[in-house]
$ cat work_9.txt   # compact mmCIF, C-alpha atoms and all ligand atoms
# COMPACT_ATOMS: atom_id res chain seq x y z
CA MET A 1 69.90 -140.50 -160.22
CA ASP A 2 67.56 -140.12 -163.23
CA PRO A 3 65.19 -137.19 -162.88
CA SER A 4 61.74 -138.41 -161.86
CA PRO A 5 58.95 -138.10 -164.43
CA LEU A 6 56.59 -137.19 -161.57
CA PHE A 7 55.49 -133.60 -161.16
CA TYR A 8 53.23 -131.72 -158.80
CA GLN A 9 53.55 -128.14 -157.60
CA ALA A 10 56.92 -126.43 -157.22
CA GLY A 11 58.73 -127.26 -154.01
CA PRO A 12 61.89 -128.58 -152.38
CA ALA A 13 63.25 -132.09 -152.97
CA LEU A 14 61.50 -134.56 -150.69
CA PRO A 15 62.69 -137.50 -148.59
CA GLU A 16 61.37 -140.86 -149.75
CA VAL A 17 58.87 -142.36 -147.34
CA SER A 18 59.56 -145.85 -146.04
CA HIS A 19 56.71 -146.77 -143.66
CA ALA A 20 54.38 -145.41 -140.99
CA ARG A 21 52.70 -146.51 -137.74
CA GLY A 22 50.35 -144.55 -135.52
CA VAL A 23 51.31 -140.87 -135.56
CA TYR A 24 54.85 -141.53 -136.86
CA LEU A 25 56.36 -141.92 -140.35
CA TRP A 26 59.90 -142.92 -141.31
CA ASP A 27 61.85 -142.09 -144.45
CA GLU A 28 64.26 -144.36 -146.33
CA ALA A 29 67.18 -142.80 -144.47
CA GLY A 30 65.62 -143.97 -141.18
CA ARG A 31 64.52 -140.52 -139.96
CA GLU A 32 61.37 -140.37 -137.90
CA TYR A 33 58.61 -137.76 -138.35
CA LEU A 34 55.69 -137.07 -136.03
CA ASP A 35 52.67 -136.50 -138.27
CA GLY A 36 51.48 -133.19 -136.82
CA CYS A 37 49.11 -132.53 -139.73
CA SER A 38 47.70 -135.98 -140.61
CA GLY A 39 49.25 -135.74 -144.08
CA ALA A 40 46.90 -133.17 -145.55
CA ILE A 41 44.49 -133.29 -142.59
CA SER A 42 43.37 -136.65 -143.88
CA CYS A 43 45.08 -139.50 -141.95
CA ASN A 44 42.71 -138.92 -139.05
CA LEU A 45 43.17 -142.35 -137.45
CA GLY A 46 46.92 -142.43 -137.85
CA HIS A 47 48.88 -144.85 -139.98
CA GLY A 48 49.04 -148.62 -140.29
CA ARG A 49 45.80 -149.52 -138.52
CA PRO A 50 45.15 -153.28 -138.54
CA ASP A 51 41.37 -152.85 -138.22
CA ILE A 52 41.13 -150.69 -141.35
CA ARG A 53 43.48 -153.01 -143.19
CA ASP A 54 41.36 -156.04 -142.21
CA ALA A 55 38.15 -154.35 -143.33
CA MET A 56 39.75 -153.41 -146.65
CA LEU A 57 41.17 -156.88 -147.21
CA ALA A 58 37.83 -158.52 -146.40
CA GLN A 59 36.13 -156.28 -148.96
CA LEU A 60 38.89 -156.84 -151.52
CA ASP A 61 38.37 -160.57 -151.15
CA ARG A 62 34.64 -160.13 -151.82
CA VAL A 63 34.57 -157.48 -154.57
CA ALA A 64 36.65 -154.31 -154.94
CA PHE A 65 34.78 -152.42 -157.62
CA THR A 66 31.32 -152.41 -159.07
CA TYR A 67 29.81 -149.62 -161.12
CA ARG A 68 26.95 -147.75 -159.57
CA THR A 69 24.59 -148.20 -162.54
CA GLN A 70 25.03 -151.97 -162.45
CA PHE A 71 24.89 -152.97 -158.78
CA GLU A 72 23.81 -151.70 -155.41
CA ASN A 73 26.42 -152.57 -152.80
CA ALA A 74 25.94 -153.14 -149.10
CA PRO A 75 28.91 -151.05 -147.85
CA ALA A 76 27.62 -148.01 -149.78
CA VAL A 77 24.13 -148.32 -148.32
CA ALA A 78 25.50 -148.92 -144.81
CA LEU A 79 27.89 -145.96 -145.06
CA ALA A 80 25.14 -143.66 -146.36
CA LYS A 81 22.89 -144.70 -143.46
CA ALA A 82 25.73 -144.14 -141.00
CA LEU A 83 26.44 -140.65 -142.36
CA VAL A 84 22.78 -139.66 -142.20
CA GLY A 85 22.73 -140.92 -138.62
CA LEU A 86 25.76 -138.78 -137.78
CA THR A 87 23.74 -135.70 -138.79
CA HIS A 88 20.87 -136.93 -136.56
CA ASP A 89 18.82 -137.20 -139.74
CA GLN A 90 19.11 -133.45 -140.41
CA LEU A 91 20.51 -134.33 -143.84
CA GLN A 92 18.83 -137.39 -145.25
CA LYS A 93 20.46 -138.12 -148.60
CA VAL A 94 24.01 -139.03 -149.61
CA PHE A 95 25.91 -138.83 -152.91
CA PHE A 96 29.36 -140.44 -152.97
CA VAL A 97 32.48 -139.10 -154.71
CA SER A 98 36.23 -139.71 -154.42
CA SER A 99 37.68 -136.37 -153.28
CA GLY A 100 36.98 -133.05 -151.63
CA SER A 101 36.96 -131.17 -154.93
CA GLU A 102 34.47 -133.63 -156.35
CA ALA A 103 32.30 -133.24 -153.24
CA VAL A 104 32.25 -129.45 -153.58
CA GLU A 105 31.74 -129.67 -157.34
CA SER A 106 28.81 -132.04 -156.80
CA ALA A 107 27.24 -129.80 -154.14
CA LEU A 108 27.43 -126.77 -156.47
CA LYS A 109 25.87 -128.71 -159.33
CA LEU A 110 23.20 -130.18 -157.08
CA ALA A 111 22.27 -126.69 -155.89
CA ARG A 112 22.09 -125.44 -159.46
CA GLN A 113 20.01 -128.39 -160.66
CA TYR A 114 17.67 -128.00 -157.70
CA PHE A 115 16.80 -124.48 -158.79
CA VAL A 116 16.42 -125.52 -162.42
CA ALA A 117 14.07 -128.29 -161.27
CA SER A 118 12.18 -125.87 -159.00
CA GLY A 119 11.47 -123.34 -161.75
CA GLU A 120 14.10 -120.78 -160.68
CA PRO A 121 16.73 -121.28 -163.42
CA GLU A 122 18.06 -117.76 -162.94
CA ARG A 123 19.69 -118.93 -159.68
CA ARG A 124 23.10 -119.87 -161.02
CA ARG A 125 25.60 -117.84 -159.00
CA PHE A 126 27.50 -118.64 -155.84
CA VAL A 127 28.77 -116.60 -152.91
CA SER A 128 31.96 -117.57 -151.08
CA LEU A 129 34.59 -116.11 -148.79
CA ARG A 130 37.94 -114.58 -149.58
CA PRO A 131 40.27 -116.12 -148.53
CA SER A 132 38.98 -119.64 -148.95
CA TYR A 133 39.88 -122.95 -150.54
CA HIS A 134 37.23 -125.28 -151.91
CA GLY A 135 39.17 -127.43 -154.35
CA SER A 136 41.02 -127.59 -157.61
CA THR A 137 38.44 -128.65 -160.21
CA LEU A 138 37.11 -125.74 -162.26
CA GLY A 139 33.81 -125.43 -160.38
CA ALA A 140 35.34 -125.75 -156.92
CA LEU A 141 38.16 -123.44 -157.98
CA GLY A 142 35.58 -120.93 -159.19
CA VAL A 143 34.28 -120.48 -155.65
CA THR A 144 37.80 -120.56 -154.16
CA GLY A 145 39.21 -117.26 -152.94
CA TYR A 146 42.94 -117.84 -153.19
CA GLN A 147 44.57 -115.61 -155.76
CA PRO A 148 47.59 -117.63 -157.01
CA LEU A 149 45.45 -120.68 -157.62
CA GLU A 150 42.69 -118.67 -159.29
CA ALA A 151 44.87 -116.44 -161.46
CA PRO A 152 45.56 -118.66 -164.49
CA PHE A 153 41.92 -119.74 -164.69
CA THR A 154 39.72 -116.75 -163.83
CA ASP A 155 38.47 -116.49 -167.44
CA ILE A 156 37.29 -120.07 -167.54
CA THR A 157 35.84 -120.78 -164.09
CA ILE A 158 32.27 -120.11 -162.98
CA GLY A 159 33.57 -117.48 -160.55
CA SER A 160 31.64 -116.41 -157.48
CA LEU A 161 30.77 -113.33 -155.52
CA LYS A 162 33.64 -113.19 -153.00
CA VAL A 163 32.98 -111.55 -149.65
CA ALA A 164 35.09 -111.20 -146.50
CA GLY A 165 34.41 -113.37 -143.46
CA PRO A 166 35.14 -112.24 -139.90
CA ASP A 167 38.74 -111.99 -138.73
CA PHE A 168 38.63 -111.81 -134.95
CA TYR A 169 42.41 -111.44 -134.66
CA ARG A 170 42.90 -108.41 -136.83
CA HIS A 171 39.70 -106.46 -137.04
CA ALA A 172 39.76 -102.78 -136.17
CA ASP A 173 36.14 -102.59 -135.00
CA ALA A 174 35.39 -101.64 -131.41
CA ASP A 175 34.51 -105.22 -130.50
CA ASP A 176 33.77 -108.64 -132.00
CA THR A 177 30.01 -108.05 -132.16
CA LEU A 178 30.45 -104.83 -134.09
CA HIS A 179 32.91 -106.59 -136.36
CA VAL A 180 30.40 -109.32 -137.19
CA GLU A 181 27.71 -106.70 -137.81
CA ARG A 182 29.97 -104.76 -140.17
CA ILE A 183 31.03 -107.87 -142.11
CA LEU A 184 27.41 -108.98 -142.41
CA ALA A 185 26.29 -105.54 -143.59
CA GLU A 186 28.97 -105.65 -146.30
CA THR A 187 27.93 -109.16 -147.30
CA ARG A 188 24.26 -108.24 -147.45
CA ALA A 189 25.05 -105.17 -149.57
CA ALA A 190 27.20 -107.23 -151.97
CA MET A 191 24.49 -109.87 -152.34
CA GLU A 192 21.81 -107.22 -152.87
CA ALA A 193 23.94 -105.50 -155.50
CA ALA A 194 24.46 -108.83 -157.26
CA ASP A 195 20.68 -109.49 -157.27
CA PRO A 196 19.82 -112.12 -154.66
CA ASP A 197 17.40 -113.81 -157.06
CA THR A 198 20.35 -114.99 -159.14
CA ILE A 199 22.15 -116.65 -156.23
CA ALA A 200 21.93 -120.44 -155.90
CA ALA A 201 24.06 -120.93 -152.79
CA PHE A 202 26.47 -119.51 -150.25
CA ILE A 203 29.41 -121.86 -149.65
CA LEU A 204 31.81 -121.65 -146.72
CA GLU A 205 33.76 -123.72 -144.21
CA PRO A 206 32.22 -123.52 -140.71
CA VAL A 207 35.74 -123.25 -139.30
CA GLY A 208 38.36 -121.89 -141.67
CA GLY A 209 40.84 -124.53 -142.77
CA ALA A 210 44.01 -124.39 -144.81
CA SER A 211 43.42 -121.05 -146.51
CA THR A 212 42.95 -119.03 -143.32
CA GLY A 213 44.90 -120.99 -140.72
CA ALA A 214 41.81 -122.18 -138.82
CA ARG A 215 40.16 -118.79 -138.57
CA MET A 216 37.01 -119.14 -136.50
CA LEU A 217 33.79 -117.70 -137.90
CA GLY A 218 31.84 -117.99 -134.67
CA GLN A 219 28.27 -118.71 -133.65
CA ALA A 220 26.76 -115.29 -134.37
CA TYR A 221 28.21 -115.03 -137.86
CA LEU A 222 27.16 -118.55 -138.87
CA GLU A 223 23.63 -118.07 -137.50
CA ARG A 224 23.26 -114.83 -139.42
CA ILE A 225 24.59 -116.33 -142.66
CA ARG A 226 22.01 -119.11 -142.29
CA ALA A 227 19.31 -116.47 -141.82
CA LEU A 228 20.59 -114.44 -144.79
CA CYS A 229 20.42 -117.52 -147.04
CA ASP A 230 16.86 -118.18 -145.89
CA GLU A 231 15.89 -114.54 -146.46
CA PHE A 232 17.39 -114.49 -149.96
CA GLY A 233 16.07 -117.96 -150.84
CA CYS A 234 19.45 -119.51 -151.60
CA LEU A 235 21.00 -122.68 -150.19
CA LEU A 236 23.75 -122.89 -147.57
CA ILE A 237 26.52 -125.31 -148.55
CA LEU A 238 29.01 -126.13 -145.82
CA ASP A 239 32.39 -127.32 -147.01
CA GLU A 240 33.35 -129.82 -144.32
CA VAL A 241 35.96 -131.54 -146.48
CA LEU A 242 38.55 -130.71 -143.83
CA THR A 243 36.43 -130.17 -140.71
CA GLY A 244 34.15 -133.21 -141.13
CA VAL A 245 34.36 -136.69 -139.59
CA GLY A 246 35.48 -135.66 -136.14
CA ARG A 247 38.27 -133.17 -136.76
CA THR A 248 36.78 -130.48 -134.50
CA GLY A 249 35.46 -132.84 -131.81
CA THR A 250 31.95 -133.29 -133.22
CA TRP A 251 31.16 -135.44 -136.25
CA PHE A 252 30.67 -132.30 -138.29
CA ALA A 253 31.82 -128.83 -137.26
CA TYR A 254 28.36 -127.30 -137.84
CA GLN A 255 27.15 -129.33 -134.86
CA HIS A 256 29.06 -127.01 -132.50
CA TYR A 257 26.87 -124.17 -133.70
CA GLY A 258 23.48 -125.73 -134.37
CA VAL A 259 23.50 -124.09 -137.80
CA THR A 260 22.29 -126.74 -140.23
CA PRO A 261 23.33 -126.59 -143.89
CA ASP A 262 21.19 -127.59 -146.86
CA LEU A 263 24.13 -129.38 -148.45
CA LEU A 264 27.39 -130.54 -146.87
CA ALA A 265 30.56 -131.65 -148.66
CA THR A 266 32.99 -133.93 -146.85
CA ALA A 267 36.02 -136.05 -147.80
CA LYS A 268 39.60 -136.12 -146.41
CA GLY A 269 39.05 -137.81 -143.01
CA LEU A 270 36.26 -140.02 -144.33
CA GLY A 271 38.76 -142.32 -146.02
CA ALA A 272 41.35 -141.36 -143.37
CA GLY A 273 44.16 -141.69 -145.90
CA TYR A 274 43.34 -145.34 -146.59
CA TYR A 275 41.17 -144.78 -149.66
CA PRO A 276 39.97 -141.63 -151.48
CA VAL A 277 36.31 -141.16 -150.62
CA GLY A 278 34.06 -138.17 -150.23
CA ALA A 279 30.36 -137.45 -149.97
CA VAL A 280 27.70 -134.80 -150.34
CA LEU A 281 25.00 -134.94 -147.69
CA ALA A 282 21.78 -133.25 -148.70
CA ARG A 283 18.30 -132.31 -147.56
CA ALA A 284 15.85 -134.92 -148.89
CA ASP A 285 13.55 -132.43 -150.62
CA ILE A 286 16.46 -131.02 -152.65
CA VAL A 287 17.35 -134.48 -153.89
CA GLU A 288 13.71 -135.38 -154.51
CA ALA A 289 13.24 -132.28 -156.69
CA VAL A 290 16.35 -133.14 -158.70
CA MET A 291 15.47 -136.82 -159.02
CA GLY A 292 11.92 -135.89 -160.01
CA SER A 293 13.24 -133.88 -162.93
CA GLY A 294 15.19 -136.71 -164.54
CA GLY A 295 17.95 -137.34 -161.99
CA PHE A 296 21.23 -135.70 -161.04
CA GLN A 297 23.23 -135.07 -164.21
CA HIS A 298 26.57 -135.78 -162.60
CA GLY A 299 28.75 -138.67 -161.46
CA HIS A 300 32.25 -140.10 -161.20
CA THR A 301 33.39 -143.62 -162.11
CA TYR A 302 34.85 -144.60 -158.73
CA ALA A 303 32.08 -143.01 -156.67
CA GLY A 304 30.61 -145.20 -153.97
CA ASN A 305 32.51 -148.32 -154.95
CA PRO A 306 32.46 -151.19 -152.42
CA LEU A 307 36.10 -150.85 -151.35
CA ALA A 308 35.83 -147.10 -150.83
CA CYS A 309 32.68 -147.44 -148.77
CA ALA A 310 33.89 -150.44 -146.73
CA THR A 311 37.00 -148.43 -145.85
CA ALA A 312 35.04 -145.35 -144.83
CA LEU A 313 32.58 -147.46 -142.85
CA ALA A 314 35.49 -149.01 -140.95
CA VAL A 315 36.79 -145.48 -140.25
CA VAL A 316 33.42 -144.30 -138.91
CA GLU A 317 33.04 -147.45 -136.79
CA ALA A 318 36.54 -147.07 -135.36
CA ILE A 319 35.80 -143.47 -134.34
CA GLN A 320 32.61 -144.64 -132.61
CA ARG A 321 34.13 -147.75 -131.00
CA GLU A 322 37.19 -146.01 -129.62
CA GLY A 323 35.52 -142.85 -128.34
CA VAL A 324 37.76 -140.81 -130.63
CA LEU A 325 35.64 -137.66 -130.28
CA SER A 326 36.36 -137.49 -126.53
CA ASN A 327 40.04 -137.91 -127.29
CA VAL A 328 39.82 -134.97 -129.71
CA ALA A 329 38.35 -132.81 -126.93
CA ALA A 330 40.99 -133.84 -124.36
CA ARG A 331 44.01 -133.62 -126.68
CA GLY A 332 42.61 -130.42 -128.19
CA CYS A 333 42.75 -128.74 -124.77
CA GLU A 334 46.37 -129.86 -124.30
CA LEU A 335 47.33 -128.68 -127.74
CA GLU A 336 45.64 -125.33 -127.22
CA ALA A 337 47.44 -124.82 -123.89
CA GLY A 338 50.80 -125.76 -125.44
CA LEU A 339 50.35 -123.49 -128.44
CA GLU A 340 49.24 -120.61 -126.20
CA ALA A 341 52.44 -121.12 -124.18
CA LEU A 342 54.46 -120.85 -127.40
CA LYS A 343 52.58 -117.68 -128.27
CA ALA A 344 53.47 -116.22 -124.88
CA ARG A 345 57.12 -117.12 -125.43
CA PHE A 346 57.64 -116.05 -129.05
CA ALA A 347 56.66 -112.53 -130.09
CA TRP A 348 56.32 -113.62 -133.71
CA VAL A 349 53.50 -116.00 -132.89
CA GLY A 350 50.63 -113.61 -133.42
CA ASP A 351 47.54 -115.74 -133.01
CA VAL A 352 46.56 -119.23 -131.97
CA ARG A 353 43.01 -120.35 -132.80
CA GLY A 354 41.07 -123.48 -133.44
CA LEU A 355 38.70 -126.14 -132.25
CA GLY A 356 39.17 -129.81 -131.37
CA LEU A 357 42.31 -130.96 -133.17
CA LEU A 358 42.26 -128.24 -135.82
CA TRP A 359 44.65 -125.49 -134.74
CA GLY A 360 46.09 -122.57 -136.67
CA VAL A 361 49.12 -120.49 -135.74
CA GLU A 362 49.53 -117.12 -137.44
CA LEU A 363 53.04 -115.69 -137.67
CA VAL A 364 53.66 -111.94 -137.56
CA ALA A 365 56.70 -109.69 -137.82
CA ASP A 366 55.36 -107.48 -135.03
CA SER A 367 52.84 -108.73 -132.47
CA ASP A 368 51.76 -105.18 -131.55
CA THR A 369 50.92 -104.01 -135.06
CA LYS A 370 50.15 -107.57 -136.25
CA ALA A 371 52.13 -106.73 -139.40
CA PRO A 372 52.82 -109.83 -141.46
CA PHE A 373 56.34 -110.89 -142.38
CA PRO A 374 57.38 -109.64 -145.83
CA ALA A 375 56.30 -112.25 -148.36
CA GLU A 376 59.85 -112.77 -149.67
CA GLN A 377 60.94 -114.07 -146.25
CA ASN A 378 58.76 -117.15 -146.84
CA ARG A 379 58.30 -117.51 -143.13
CA PHE A 380 55.78 -120.32 -143.47
CA ALA A 381 58.19 -122.37 -145.58
CA ARG A 382 61.01 -121.73 -143.12
CA ILE A 383 59.13 -122.83 -140.03
CA THR A 384 57.92 -125.92 -141.90
CA ALA A 385 61.47 -126.84 -142.89
CA LEU A 386 62.74 -126.25 -139.34
CA ALA A 387 59.94 -128.39 -137.93
CA LYS A 388 60.76 -131.15 -140.39
CA GLU A 389 64.39 -131.04 -139.25
CA GLU A 390 63.07 -131.58 -135.72
CA GLY A 391 61.03 -134.54 -136.97
CA LEU A 392 57.64 -132.81 -137.05
CA LEU A 393 55.28 -132.35 -139.99
CA ILE A 394 53.04 -129.25 -140.00
CA TYR A 395 50.80 -127.81 -142.74
CA PRO A 396 51.86 -124.32 -143.88
CA ARG A 397 50.14 -121.63 -145.94
CA ARG A 398 50.17 -117.95 -146.70
CA THR A 399 46.76 -116.35 -146.22
CA LEU A 400 47.11 -113.95 -149.17
CA ASP A 401 44.21 -111.67 -148.35
CA GLY A 402 46.66 -108.77 -148.41
CA VAL A 403 46.45 -108.33 -144.65
CA ALA A 404 47.08 -111.52 -142.70
CA GLY A 405 50.42 -113.19 -142.19
CA ASP A 406 51.75 -116.64 -142.88
CA HIS A 407 50.31 -119.44 -140.85
CA PHE A 408 50.53 -123.14 -140.29
CA LEU A 409 48.06 -125.77 -139.16
CA VAL A 410 48.64 -128.27 -136.37
CA THR A 411 46.20 -131.10 -137.00
CA PRO A 412 47.54 -134.43 -135.70
CA PRO A 413 45.60 -137.70 -136.08
CA LEU A 414 42.48 -137.69 -133.91
CA THR A 415 43.85 -140.75 -132.11
CA ILE A 416 47.02 -139.05 -130.83
CA ASP A 417 47.66 -139.71 -127.13
CA ALA A 418 48.80 -137.32 -124.40
CA ALA A 419 52.47 -138.36 -124.60
CA ASP A 420 52.66 -137.79 -128.35
CA THR A 421 50.80 -134.48 -128.01
CA ALA A 422 53.49 -133.38 -125.56
CA GLU A 423 56.17 -134.67 -127.95
CA LEU A 424 54.58 -132.73 -130.83
CA LEU A 425 54.68 -129.52 -128.78
CA ALA A 426 58.28 -130.17 -127.70
CA ARG A 427 59.41 -130.63 -131.31
CA LEU A 428 57.52 -127.53 -132.39
CA GLU A 429 59.15 -125.49 -129.63
CA ARG A 430 62.62 -126.70 -130.69
CA ALA A 431 61.83 -125.69 -134.28
CA MET A 432 60.87 -122.22 -133.10
CA VAL A 433 63.87 -121.47 -130.90
N1 LIG A 501 37.63 -128.06 -149.52
C1 LIG A 501 38.45 -127.87 -148.47
C2 LIG A 501 37.99 -127.05 -147.32
C3 LIG A 501 39.73 -128.42 -148.47
O1 LIG A 501 40.55 -128.22 -147.42
C4 LIG A 501 40.14 -129.20 -149.57
C5 LIG A 501 41.52 -129.83 -149.62
N2 LIG A 501 42.53 -129.14 -148.99
C6 LIG A 501 39.26 -129.37 -150.64
C7 LIG A 501 38.01 -128.80 -150.58
C8 LIG A 501 39.63 -130.19 -151.84
O2 LIG A 501 39.78 -131.53 -151.50
P1 LIG A 501 40.63 -132.53 -152.42
O3 LIG A 501 42.05 -132.08 -152.34
O4 LIG A 501 40.38 -133.88 -151.82
O5 LIG A 501 40.08 -132.44 -153.81

$ encode --input "work_9.txt" --output "structure tokens" --more "lines below"
Ligand code: PMP
Amino acid sequence: MDPSPLFYQAGPALPEVSHARGVYLWDEAGREYLDGCSGAISCNLGHGRPDIRDAMLAQLDRVAFTYRTQFENAPAVALAKALVGLTHDQLQKVFFVSSGSEAVESALKLARQYFVASGEPERRRFVSLRPSYHGSTLGALGVTGYQPLEAPFTDITIGSLKVAGPDFYRHADADDTLHVERILAETRAAMEAADPDTIAAFILEPVGGASTGARMLGQAYLERIRALCDEFGCLLILDEVLTGVGRTGTWFAYQHYGVTPDLLATAKGLGAGYYPVGAVLARADIVEAVMGSGGFQHGHTYAGNPLACATALAVVEAIQREGVLSNVAARGCELEAGLEALKARFAWVGDVRGLGLLWGVELVADSDTKAPFPAEQNRFARITALAKEEGLLIYPRRTLDGVAGDHFLVTPPLTIDAADTAELLARLERAMV
């Protein structure tokens, strides 16, 4: 076979996909895979949905693409209204993009332009967590705390002040409250040392995603970060690229905590794998200040096009119509119980954590000391390969904060039923034996 001209990151040879339905995919050799991670936590409604296809075809028949400076389009307006409604009008403005990185990039630039427009141009720096992942474009990468991805580009990204978030599995403090206090004291000190008047925004995921294996930050921490942003006069950007659009059982993960951001970036599940679409949701006064100073100096060609927005609108309507959020809660409980049972059975399953249908499993060499497996064992790659042999797709990562172990995410489509949840757990158990 001729070598393919395609290239991405390094990795093993891949089976060629044939087709997919519901939570299952098949390769050209006829092997079946249960999609235990919704692709990259994006195919939130499962595969091959006739309702999404019909909505897309209807829009394709009308008009697929118009450019935002030439036409308004009804699906974009309707989707923006729907998204604002999903925040209960806490965020009133919407800016469309085509990916998670673009959403983060746009939120950073909007924050910066807001302060320029408001007469505080010295606010140009960002604070973010290490570890974290916010995207691959230079701005989003600049606030990302994930060493191998950062390394070749540190000289040419905006960079950010990187601080630690809570780690309730590994901390050595006397209890969780003390741990949060200590982390917050360190964060405050780092922000004070950096001069709070130069900080435009703090960006973080309300529930850790791929970079931390669904590490929870918790109510107290999030409330205090909100208060710290208010005290220091900077904005709070929540990266809900992964957690948004129902993944954790609420429309947006922040709604579990009642901690409202000033800007919110979302993507992945919004197009549900059917079309690339993302959005920044923003406080109206931020947008008004920027628009009043000549408009937002930023935009992408495909942003907010009719087909993208009609697809995302069909996704949002399907979630509403089918009561998908209640399914997330019910299946989430089953998944949690099943993963906890695996933790009880296998000593090398160190921690199981998550919310809704976003679950992380951290692997350790020793469950007493919580020591990670040596990096060269590539434990995360091994468990992923074993799961794939059992016909299960999971989403692996190494945390790379120098302390935590390998982990993988279990994030099936939000529409998975009880039988397939049981099947997912059975395949995972077989991969672990
Ligand atoms: N932020 C978070 C939290 C993500 O998980 C991702 C994707 N894994 C991104 C941003 C970047 O999204 P995209 O790959 O669509 O650019």

$ residues_near_ligand --input "work_9.txt" --ligand "ligand LIG 501 (chain A)" --cutoff "10 Å" --atoms "only C-alpha atoms and all ligand atoms" --output "mmCIF file with C-alpha atoms, in the frame of the given file"
data_model
loop_
_atom_site.group_PDB
_atom_site.id
_atom_site.type_symbol
_atom_site.label_atom_id
_atom_site.label_comp_id
_atom_site.auth_asym_id
_atom_site.auth_seq_id
_atom_site.Cartn_x
_atom_site.Cartn_y
_atom_site.Cartn_z
ATOM 1 C CA ALA A 40 46.900 -133.170 -145.550
ATOM 2 C CA ILE A 41 44.490 -133.290 -142.590
ATOM 3 C CA SER A 42 43.370 -136.650 -143.880
ATOM 4 C CA VAL A 97 32.480 -139.100 -154.710
ATOM 5 C CA SER A 98 36.230 -139.710 -154.420
ATOM 6 C CA SER A 99 37.680 -136.370 -153.280
ATOM 7 C CA GLY A 100 36.980 -133.050 -151.630
ATOM 8 C CA SER A 101 36.960 -131.170 -154.930
ATOM 9 C CA GLU A 102 34.470 -133.630 -156.350
ATOM 10 C CA ALA A 103 32.300 -133.240 -153.240
ATOM 11 C CA VAL A 104 32.250 -129.450 -153.580
ATOM 12 C CA GLU A 105 31.740 -129.670 -157.340
ATOM 13 C CA SER A 132 38.980 -119.640 -148.950
ATOM 14 C CA TYR A 133 39.880 -122.950 -150.540
ATOM 15 C CA HIS A 134 37.230 -125.280 -151.910
ATOM 16 C CA GLY A 135 39.170 -127.430 -154.350
ATOM 17 C CA SER A 136 41.020 -127.590 -157.610
ATOM 18 C CA THR A 137 38.440 -128.650 -160.210
ATOM 19 C CA ALA A 140 35.340 -125.750 -156.920
ATOM 20 C CA LEU A 141 38.160 -123.440 -157.980
ATOM 21 C CA THR A 144 37.800 -120.560 -154.160
ATOM 22 C CA LEU A 204 31.810 -121.650 -146.720
ATOM 23 C CA GLU A 205 33.760 -123.720 -144.210
ATOM 24 C CA PRO A 206 32.220 -123.520 -140.710
ATOM 25 C CA VAL A 207 35.740 -123.250 -139.300
ATOM 26 C CA GLY A 208 38.360 -121.890 -141.670
ATOM 27 C CA GLY A 209 40.840 -124.530 -142.770
ATOM 28 C CA ALA A 210 44.010 -124.390 -144.810
ATOM 29 C CA SER A 211 43.420 -121.050 -146.510
ATOM 30 C CA LEU A 238 29.010 -126.130 -145.820
ATOM 31 C CA ASP A 239 32.390 -127.320 -147.010
ATOM 32 C CA GLU A 240 33.350 -129.820 -144.320
ATOM 33 C CA VAL A 241 35.960 -131.540 -146.480
ATOM 34 C CA LEU A 242 38.550 -130.710 -143.830
ATOM 35 C CA THR A 243 36.430 -130.170 -140.710
ATOM 36 C CA GLY A 244 34.150 -133.210 -141.130
ATOM 37 C CA ALA A 265 30.560 -131.650 -148.660
ATOM 38 C CA THR A 266 32.990 -133.930 -146.850
ATOM 39 C CA ALA A 267 36.020 -136.050 -147.800
ATOM 40 C CA LYS A 268 39.600 -136.120 -146.410
ATOM 41 C CA GLY A 269 39.050 -137.810 -143.010
ATOM 42 C CA PRO A 276 39.970 -141.630 -151.480
ATOM 43 C CA VAL A 277 36.310 -141.160 -150.620
ATOM 44 C CA GLY A 278 34.060 -138.170 -150.230
#

$ atom_distance --input "work_9.txt" --atom1 "atom CA of Val287 of chain A" --atom2 "atom CA of Pro75 of chain A"
21.1 Å

$ closest_atom_pairs --input "work_9.txt" --of "segment 25-99 of chain A" --to "segment 411-417 of chain A" --cutoff "9 Å" --atoms "all atoms listed in the file" --output "Markdown table"
| residue | atom | partner | partner_atom | distance |
| --- | --- | --- | --- | --- |
| A:Leu34 | CA | A:Pro412 | CA | 8.6 |
| A:Asp35 | CA | A:Pro412 | CA | 6.1 |
| A:Gly36 | CA | A:Pro412 | CA | 4.3 |
| A:Cys37 | CA | A:Thr411 | CA | 4.2 |
| A:Ser38 | CA | A:Pro412 | CA | 5.2 |
| A:Gly39 | CA | A:Pro412 | CA | 8.7 |
| A:Ala40 | CA | A:Thr411 | CA | 8.8 |
| A:Ile41 | CA | A:Thr411 | CA | 6.2 |
| A:Ser42 | CA | A:Pro413 | CA | 8.2 |
| A:Cys43 | CA | A:Pro413 | CA | 6.2 |
| A:Asn44 | CA | A:Pro413 | CA | 4.3 |
| A:Leu45 | CA | A:Pro413 | CA | 5.4 |
| A:Gly46 | CA | A:Pro413 | CA | 5.2 |
| A:His47 | CA | A:Pro413 | CA | 8.8 |

$ write_last_selection --input "work_9.txt" --atoms "C-alpha atoms" --output "compact mmCIF listing (two decimals), in the frame of the given file"
# COMPACT_ATOMS: atom_id res chain seq x y z
CA LEU A 34 55.69 -137.07 -136.03
CA ASP A 35 52.67 -136.50 -138.27
CA GLY A 36 51.48 -133.19 -136.82
CA CYS A 37 49.11 -132.53 -139.73
CA SER A 38 47.70 -135.98 -140.61
CA GLY A 39 49.25 -135.74 -144.08
CA ALA A 40 46.90 -133.17 -145.55
CA ILE A 41 44.49 -133.29 -142.59
CA SER A 42 43.37 -136.65 -143.88
CA CYS A 43 45.08 -139.50 -141.95
CA ASN A 44 42.71 -138.92 -139.05
CA LEU A 45 43.17 -142.35 -137.45
CA GLY A 46 46.92 -142.43 -137.85
CA HIS A 47 48.88 -144.85 -139.98
